[in-house]
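J.: One structure, pasted below without further comment.
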Amino acid sequence: MKNIRNFIQVLSLLGITVLVMSYTGKEKETICNSRKTAFNLGWSFHLNDSIKDKDTINSSTAWRTLNLPHDWSIEGKFDEKSAAGYGGGALNGGLGWYKKTFKVALENKEKITAIVFDGVYKNSQVWINGHYLGKRPNGYIGFQYDLSPYLNYGDKTNEIIVKVDNSKQPNSRWYSGSGIFRNVWLETTDKLHVDQWGTYITTPKVTADKASVKIETAVKNQNSVSKNAIVTTAIFKNDTKVTSVTQNITIAANANQVLNQDLIVNSPILWSDEKPELYTAVTTISIDNKIVDEYKTSFGIRYFKFDLNKGFLLNGKQVKIKGVCMHHDLGPLGSAINTRAIERQLEILKEMGVNGIRTSHNPPAPELLDLCDKMGFIVMDEAFDMWKKAKNKFDYSVDWDKWHVRDLQDQILRDRNHPSIFMWSIGNEIPEQWSDEGPVIAKELSAIVKKLDTTRLVTAAMNPAVNMKIDEVTLQFEKNDTYFNKIAASGALDIIGYNYAHQTFEHHQKNFPNVPFIGAETTSALETRGYYDAVSDVNKKWPVRWDKKFTEGNPDNTVSAYDQVQTPWGSTHEATWKVIKKHDFLSGMYIWTGFDYIGEPTPYEWPSISSYFGIVDLAGFPKDVYYMYQSEWTNKTVLHIFPHWNWTEGQNVDVWAYYNNADEVELFLNGKSVGTRSKKGDDLHVMWRIPFQAGTLKAVSRKNGKTVLESEIKTAGNSSQLKLTADRSTIKADGYDLSFITVDITDANGVLSPKANNEIQFSLKGNGKIVGVCSGDPVSHESYKGSKHTALNGKCLVVVQSAAKSGKIELTAQANGLKQKTIIITAK
Ligand code: GAL
């Protein structure tokens, strides 16, 4: 931001003094704008249901010190009897207390100091120096309190206490995590400042020559006298100032004022999923030539339309939304957010060709949206999984009446400057969709959104969204139901969100001639990564149908990774994509889900504790179908063959290949051709059924007779060694950054042992620590927080975090009978 600094220097030369906000406290963390400092280090934590009340905390209460963000549930044991149920990941909630003592510099006495929580799961209550600040039931929404009236300044300390009550269970259909699981900030401002979420930037007219940028700025004066000030907004592209506007204001004592500033950006560089170009608006407030407040807003310039016939148009260009739904947990890290962990998930998805994220089914961490802005994802930002009617006994329905207006408003105010957001979803599979209350609430919520933002479309994720009797189309389930979705029919939605029932998608235009389409949630296919048994035995074990008793699944709770297993309400991956691909008016879809998540282990129950829906497993290892999407959604040349090549001699094995940019694929077994296949019609893979013979299986894709790619799989010999691969071998020495290290168990020649399930022990020396271990196995009950873990189908992940000190981190992995391996990560 060199030129932003230059801009401030220029203001100084003009006689406008720049006031640098200062804070006490030793945290040197990322400053997301110049007013905010991370407030995450050195909290004390106590987990105990017996302390129900703040006043029962006494000197004998035992505390442990930790840094936020923190999720206490992930530290616990998987528990069959957990009130959260296996749906909630079989991890317990409970009642937790956090406290932190801190000092505030004397010079801040005339300023406003607020504490900002990005999200606390759930029912948080906060006290400062014994004064009660308030309660926030919703675990996913951000909130802040003004601490100024109660603070001690100078040498006297302050104490903040946070009670987090996640004891009433079940309250979630998936793993929620518990605690202050998102970032906390201290925000210090002059009494005259841009209000919380105080800017709203829109780009009402965009052409290649110029974009009009409309900036609404809410200025708050907490002085007891009126103030004359100058408000300047400057727009920067990268480090260069593009334009600015200045306005004089007089603002009454203890009043708010909203300014409207209009700017023009010439030759705008547009934001898109492919080239996510961002601008920064820097708002400064000055009094008597002194800058008293500076507020930065990142935004993008783009225009879009959901066209009834052409689908989604971004900057005039047709873009199919190839999205995935994501829950908020980060696998072995639980729900404690970590920016690098989210970024890694998004990188893996981007590499597959994903260009859309649905924040199912709640407001996400702000860092996710920042990353979607920077990396280019088309976001559906969702508010609720239920309204008044409960899905679980203690879920948000309990708080609905009192809190839904505030929570929804805050979500829109917080998120509306993100260029990545294109749709607001007011709910997921809301039970009221079948009753007369549905349209009433949908209209209320839609009006709340539109009062704050009319630049995106309001949707809801509904099942079945089609406004027809379900037996008018061929569905394999609920044939005789006469569901009629009242929310879809209410007129409250700008875009109809379909959950599943892909067989109905083609009828959309007939049913809703004036409302565009989005597949809000699709597919729900199921796979265990690297598991392929029952291939030639399909009728005895999974896959095929699951709408039988669970006991007819595999006894070890595995699901075949061939794309053949689906929930009855969903489809295979291929089936839904084939429909979406076929018609322009189908603007896209969000697949359930991008990554596996903790909880909801459909189709199984306990002992399974994490999901099977992901295209990528819980550890971040792609399942095979990842490459089907990659072959369809990217320009990268793909040739992926599977399964592994360790079977019984003579056994029939189905070999599948996903490929692109070629006319055909020829398969060779130990050098001998076993046939050439090409995709016909809308095929998305080719297949050979061949008797197994140990050795090498080699696929060659060709275009016009010329080799495009070759791909080989080999029979693995006995497991003999470990291979460690870090996603990044140099990380930041900031106490937060992560290196994700993949452990492969291989034979002497480096061929992956496809069924190896050795227990791997990890040890670490140097400036870091192990913060997560995971194999992606939905049945494993080993702690993600331990230092050993059992591999699943040859693979395991270990996550290493830097200390706030530079140096080397040496990670060693060992397992009985295997050669151990060490990898060095540098933190700097
Ligand atoms: C949907 C629901 C999701 C998830 C999914 C599993 O109905 O919206 O949250 O439960 O089913 O297939």
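Please note that chains go A, B, ... in the order of the structure tokens, that every chain numbers its residues from 1, and that ligands are numbered from 1 in the order shown.
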Please extract the residues of range 288-421 of chain A with a backbone DSSP assignment of strand (DSSP E) and present them as JSON, numbers by chain.
T.: {"A": [290, 291, 292, 293, 294, 295, 296, 297, 298, 299, 304, 305, 306, 307, 311, 312, 313, 314, 317, 318, 321, 322, 323, 324, 325, 356, 357, 358, 378, 379, 380, 381, 382, 421]}
J.: Might you pull out every residue within 8 Å of range 378-380 of chain A, with only C-alpha atoms counted and same-chain residues fewer than 6 positions away left off, and present them as a PyMOL selection string?
T.: chain A and resi 273+321+323+355-359+372+420-425
J.: Pick out the residues no farther than 6 Å from ligand 1, counting only C-alpha atoms and all ligand atoms, and list them as JSON, numbers by chain.
T.: {"A": [428, 429, 524]}
J.: Identify, on the basis of only C-alpha atoms, every residue whose closest approach to Asn417 in chain A does not exceed 7 Å; exclude the query and any residue fewer than 4 positions from it along the same chain; express the result as a list in words.
T.: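 Counting only C-alpha atoms, the residues come to Tyr200, Ile201 and Phe299 of chain A.
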J.: Write the residues of the preceding selection, restricted to all heavy atoms, as a PDB file, in the first residue's frame.
T.:
ATOM      1  N   TYR A 200     -20.854   1.958   2.274  1.00  0.00           N
ATOM      2  CA  TYR A 200     -21.619   1.104   1.352  1.00  0.00           C
ATOM      3  C   TYR A 200     -21.272   1.575  -0.054  1.00  0.00           C
ATOM      4  O   TYR A 200     -21.589   2.698  -0.446  1.00  0.00           O
ATOM      5  CB  TYR A 200     -23.111   1.249   1.636  1.00  0.00           C
ATOM      6  CG  TYR A 200     -24.006   0.437   0.711  1.00  0.00           C
ATOM      7  CD1 TYR A 200     -23.631  -0.839   0.278  1.00  0.00           C
ATOM      8  CD2 TYR A 200     -25.235   0.942   0.282  1.00  0.00           C
ATOM      9  CE1 TYR A 200     -24.457  -1.576  -0.545  1.00  0.00           C
ATOM     10  CE2 TYR A 200     -26.073   0.196  -0.537  1.00  0.00           C
ATOM     11  CZ  TYR A 200     -25.688  -1.061  -0.953  1.00  0.00           C
ATOM     12  OH  TYR A 200     -26.498  -1.796  -1.775  1.00  0.00           O
ATOM     13  N   ILE A 201     -20.577   0.721  -0.780  1.00  0.00           N
ATOM     14  CA  ILE A 201     -20.049   1.118  -2.089  1.00  0.00           C
ATOM     15  C   ILE A 201     -20.749   0.314  -3.177  1.00  0.00           C
ATOM     16  O   ILE A 201     -20.750  -0.921  -3.147  1.00  0.00           O
ATOM     17  CB  ILE A 201     -18.527   0.886  -2.150  1.00  0.00           C
ATOM     18  CG1 ILE A 201     -17.864   1.631  -0.985  1.00  0.00           C
ATOM     19  CG2 ILE A 201     -17.963   1.318  -3.496  1.00  0.00           C
ATOM     20  CD1 ILE A 201     -16.359   1.599  -0.974  1.00  0.00           C
ATOM     21  N   PHE A 299     -13.294  -3.064  -2.441  1.00  0.00           N
ATOM     22  CA  PHE A 299     -14.501  -3.303  -3.260  1.00  0.00           C
ATOM     23  C   PHE A 299     -14.097  -3.669  -4.682  1.00  0.00           C
ATOM     24  O   PHE A 299     -12.919  -3.607  -5.039  1.00  0.00           O
ATOM     25  CB  PHE A 299     -15.441  -2.086  -3.234  1.00  0.00           C
ATOM     26  CG  PHE A 299     -14.921  -0.887  -3.994  1.00  0.00           C
ATOM     27  CD1 PHE A 299     -15.388  -0.599  -5.273  1.00  0.00           C
ATOM     28  CD2 PHE A 299     -13.962  -0.051  -3.430  1.00  0.00           C
ATOM     29  CE1 PHE A 299     -14.914   0.496  -5.988  1.00  0.00           C
ATOM     30  CE2 PHE A 299     -13.476   1.051  -4.132  1.00  0.00           C
ATOM     31  CZ  PHE A 299     -13.946   1.326  -5.406  1.00  0.00           C
TER      32      PHE A 299
END
J.: Restricting the calculation to only C-alpha atoms, which member of A:Ala365, A:Leu313, A:Ile141, A:Ile823 is positioned closest to Arg182 in chain A?
T.: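 Checking each of A:Ala365, A:Leu313, A:Ile141, A:Ile823 against Arg182 in chain A, counting only C-alpha atoms, the winner is A:Ala365.
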J.: Report the residues of range 92-250 of chain A whose backbone DSSP state falls under helix (DSSP H, G or I), written as a JSON list (two decimals) with N, CA, C and O atoms, in the first residue's frame.
T.:
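Printed below is part.json as written:
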[["chain", "number", "residue", "atom", "x", "y", "z"],
["A", 106, "LEU", "N", -3.10, 5.90, 28.09],
["A", 106, "LEU", "CA", -3.77, 7.11, 28.59],
["A", 106, "LEU", "C", -4.24, 8.00, 27.45],
["A", 106, "LEU", "O", -5.32, 8.61, 27.51],
["A", 107, "GLU", "N", -3.44, 8.03, 26.37],
["A", 107, "GLU", "CA", -3.78, 8.91, 25.25],
["A", 107, "GLU", "C", -5.09, 8.50, 24.56],
["A", 107, "GLU", "O", -5.65, 9.24, 23.78],
["A", 108, "ASN", "N", -5.56, 7.29, 24.88],
["A", 108, "ASN", "CA", -6.81, 6.85, 24.25],
["A", 108, "ASN", "C", -8.05, 7.26, 25.05],
["A", 108, "ASN", "O", -9.18, 6.94, 24.66],
["A", 148, "SER", "N", -15.51, 2.08, 25.95],
["A", 148, "SER", "CA", -14.97, 3.34, 26.48],
["A", 148, "SER", "C", -15.54, 3.79, 27.83],
["A", 148, "SER", "O", -14.77, 4.19, 28.69],
["A", 149, "PRO", "N", -16.85, 3.72, 28.03],
["A", 149, "PRO", "CA", -17.36, 4.27, 29.29],
["A", 149, "PRO", "C", -16.85, 3.53, 30.52],
["A", 149, "PRO", "O", -16.93, 4.05, 31.63],
["A", 150, "TYR", "N", -16.34, 2.31, 30.35],
["A", 150, "TYR", "CA", -16.00, 1.49, 31.51],
["A", 150, "TYR", "C", -14.51, 1.21, 31.64],
["A", 150, "TYR", "O", -14.09, 0.45, 32.51]]
J.: Quick check, in Å to one decimal: how far apart do CA of Ala662 in chain A and CA of Lys703 in chain A lie?
T.: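 Separation of CA of Ala662 in chain A and CA of Lys703 in chain A: 4.5 Å.
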J.: With 10 Å as the cut-off and only C-alpha atoms counted, what is the closest atom pair between each nearby residue of range 310-421 of chain A and range 774-782 of chain A? Distances in Å to one decimal, ordered by chain and number, as JSON lines.
T.:
{"residue": "A:Gly331", "atom": "CA", "partner": "A:Cys774", "partner_atom": "CA", "distance": 7.7}
{"residue": "A:Pro332", "atom": "CA", "partner": "A:Cys774", "partner_atom": "CA", "distance": 5.9}
{"residue": "A:Leu333", "atom": "CA", "partner": "A:Cys774", "partner_atom": "CA", "distance": 9.4}
J.: Please dump the current selection as a PDB file, in the first residue's frame; keep N, CA, C and O atoms.
T.:
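Final file, out_0.pdb:
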ATOM      1  N   GLY A 331     -11.898 -29.110   9.133  1.00  0.00           N
ATOM      2  CA  GLY A 331     -11.417 -30.476   9.356  1.00  0.00           C
ATOM      3  C   GLY A 331     -10.747 -30.580  10.719  1.00  0.00           C
ATOM      4  O   GLY A 331     -11.340 -30.216  11.742  1.00  0.00           O
ATOM      5  N   PRO A 332      -9.474 -31.042  10.744  1.00  0.00           N
ATOM      6  CA  PRO A 332      -8.824 -31.295  12.030  1.00  0.00           C
ATOM      7  C   PRO A 332      -8.652 -30.050  12.887  1.00  0.00           C
ATOM      8  O   PRO A 332      -8.400 -30.164  14.087  1.00  0.00           O
ATOM      9  N   LEU A 333      -8.769 -28.878  12.312  1.00  0.00           N
ATOM     10  CA  LEU A 333      -8.631 -27.661  13.112  1.00  0.00           C
ATOM     11  C   LEU A 333      -9.953 -27.301  13.776  1.00  0.00           C
ATOM     12  O   LEU A 333     -10.036 -26.328  14.537  1.00  0.00           O
TER      13      LEU A 333
END
J.: Any idea what's packed within 7 Å of Phe642 in chain A, counting only C-alpha atoms, ignoring anything in its chain fewer than 2 positions away? Could you give it as a PyMOL selection string?
T.: chain A and resi 640+644+655-657
J.: Point out the residue among A:Gly497, A:Pro69, A:Gly130, A:Gly353 with the least atom-to-atom distance to Asn158 in chain A, counting only C-alpha atoms.
T.: A:Gly130
J.: When you look at range 244-250 of chain A with a cut-off of 8 Å (counting only C-alpha atoms), what residues show up, excluding the ones that are within fewer than 2 positions of it in the same chain? I need them as a list in words.
T.: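 Returned residues: Ser226, Lys227, Asn228, Ala229, Ile230, Val231, Thr232, Thr233, Ala234, Ile235, Lys241, Val242, Ala252, Gln261, Asp262 and Leu263 of chain A.
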J.: For range 293-295 of chain A, find every residue with an atom within 6 Å (counting only C-alpha atoms), except residues of its own chain fewer than 6 positions away, and show them as a PDB file with all heavy atoms, in the first residue's frame.
T.:
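So around-v6.pdb came out as:
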ATOM      1  N   HIS A 193     -15.958   9.499  13.849  1.00  0.00           N
ATOM      2  CA  HIS A 193     -15.406   8.408  13.036  1.00  0.00           C
ATOM      3  C   HIS A 193     -16.449   7.805  12.100  1.00  0.00           C
ATOM      4  O   HIS A 193     -17.651   8.021  12.264  1.00  0.00           O
ATOM      5  CB  HIS A 193     -14.844   7.307  13.950  1.00  0.00           C
ATOM      6  CG  HIS A 193     -15.887   6.728  14.871  1.00  0.00           C
ATOM      7  ND1 HIS A 193     -16.120   7.219  16.133  1.00  0.00           N
ATOM      8  CD2 HIS A 193     -16.759   5.706  14.712  1.00  0.00           C
ATOM      9  CE1 HIS A 193     -17.089   6.516  16.710  1.00  0.00           C
ATOM     10  NE2 HIS A 193     -17.494   5.596  15.859  1.00  0.00           N
ATOM     11  N   VAL A 282     -10.351   4.673   0.517  1.00  0.00           N
ATOM     12  CA  VAL A 282      -9.807   5.118   1.807  1.00  0.00           C
ATOM     13  C   VAL A 282     -10.551   6.376   2.217  1.00  0.00           C
ATOM     14  O   VAL A 282     -10.495   7.399   1.527  1.00  0.00           O
ATOM     15  CB  VAL A 282      -8.293   5.403   1.700  1.00  0.00           C
ATOM     16  CG1 VAL A 282      -7.736   5.845   3.056  1.00  0.00           C
ATOM     17  CG2 VAL A 282      -7.553   4.170   1.202  1.00  0.00           C
ATOM     18  N   THR A 283     -11.302   6.261   3.301  1.00  0.00           N
ATOM     19  CA  THR A 283     -12.077   7.403   3.791  1.00  0.00           C
ATOM     20  C   THR A 283     -11.292   8.043   4.926  1.00  0.00           C
ATOM     21  O   THR A 283     -10.893   7.349   5.867  1.00  0.00           O
ATOM     22  CB  THR A 283     -13.431   6.924   4.344  1.00  0.00           C
ATOM     23  OG1 THR A 283     -14.018   6.038   3.388  1.00  0.00           O
ATOM     24  CG2 THR A 283     -14.369   8.084   4.623  1.00  0.00           C
ATOM     25  N   THR A 284     -11.068   9.337   4.825  1.00  0.00           N
ATOM     26  CA  THR A 284     -10.401  10.028   5.936  1.00  0.00           C
ATOM     27  C   THR A 284     -11.303  11.148   6.422  1.00  0.00           C
ATOM     28  O   THR A 284     -11.965  11.831   5.630  1.00  0.00           O
ATOM     29  CB  THR A 284      -9.045  10.624   5.505  1.00  0.00           C
ATOM     30  OG1 THR A 284      -9.241  11.362   4.310  1.00  0.00           O
ATOM     31  CG2 THR A 284      -8.009   9.569   5.284  1.00  0.00           C
ATOM     32  N   ILE A 285     -11.322  11.320   7.738  1.00  0.00           N
ATOM     33  CA  ILE A 285     -12.065  12.443   8.323  1.00  0.00           C
ATOM     34  C   ILE A 285     -11.021  13.349   8.963  1.00  0.00           C
ATOM     35  O   ILE A 285     -10.184  12.885   9.741  1.00  0.00           O
ATOM     36  CB  ILE A 285     -13.068  11.968   9.388  1.00  0.00           C
ATOM     37  CG1 ILE A 285     -14.018  10.922   8.793  1.00  0.00           C
ATOM     38  CG2 ILE A 285     -13.850  13.146   9.952  1.00  0.00           C
ATOM     39  CD1 ILE A 285     -15.046  10.390   9.786  1.00  0.00           C
TER      40      ILE A 285
END
J.: Could you tell me how far CA of Ile598 in chain A sits from CA of Ser611 in chain A, in Å to one decimal place?
T.: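 That distance, rounded to one decimal, is 6.1 Å.
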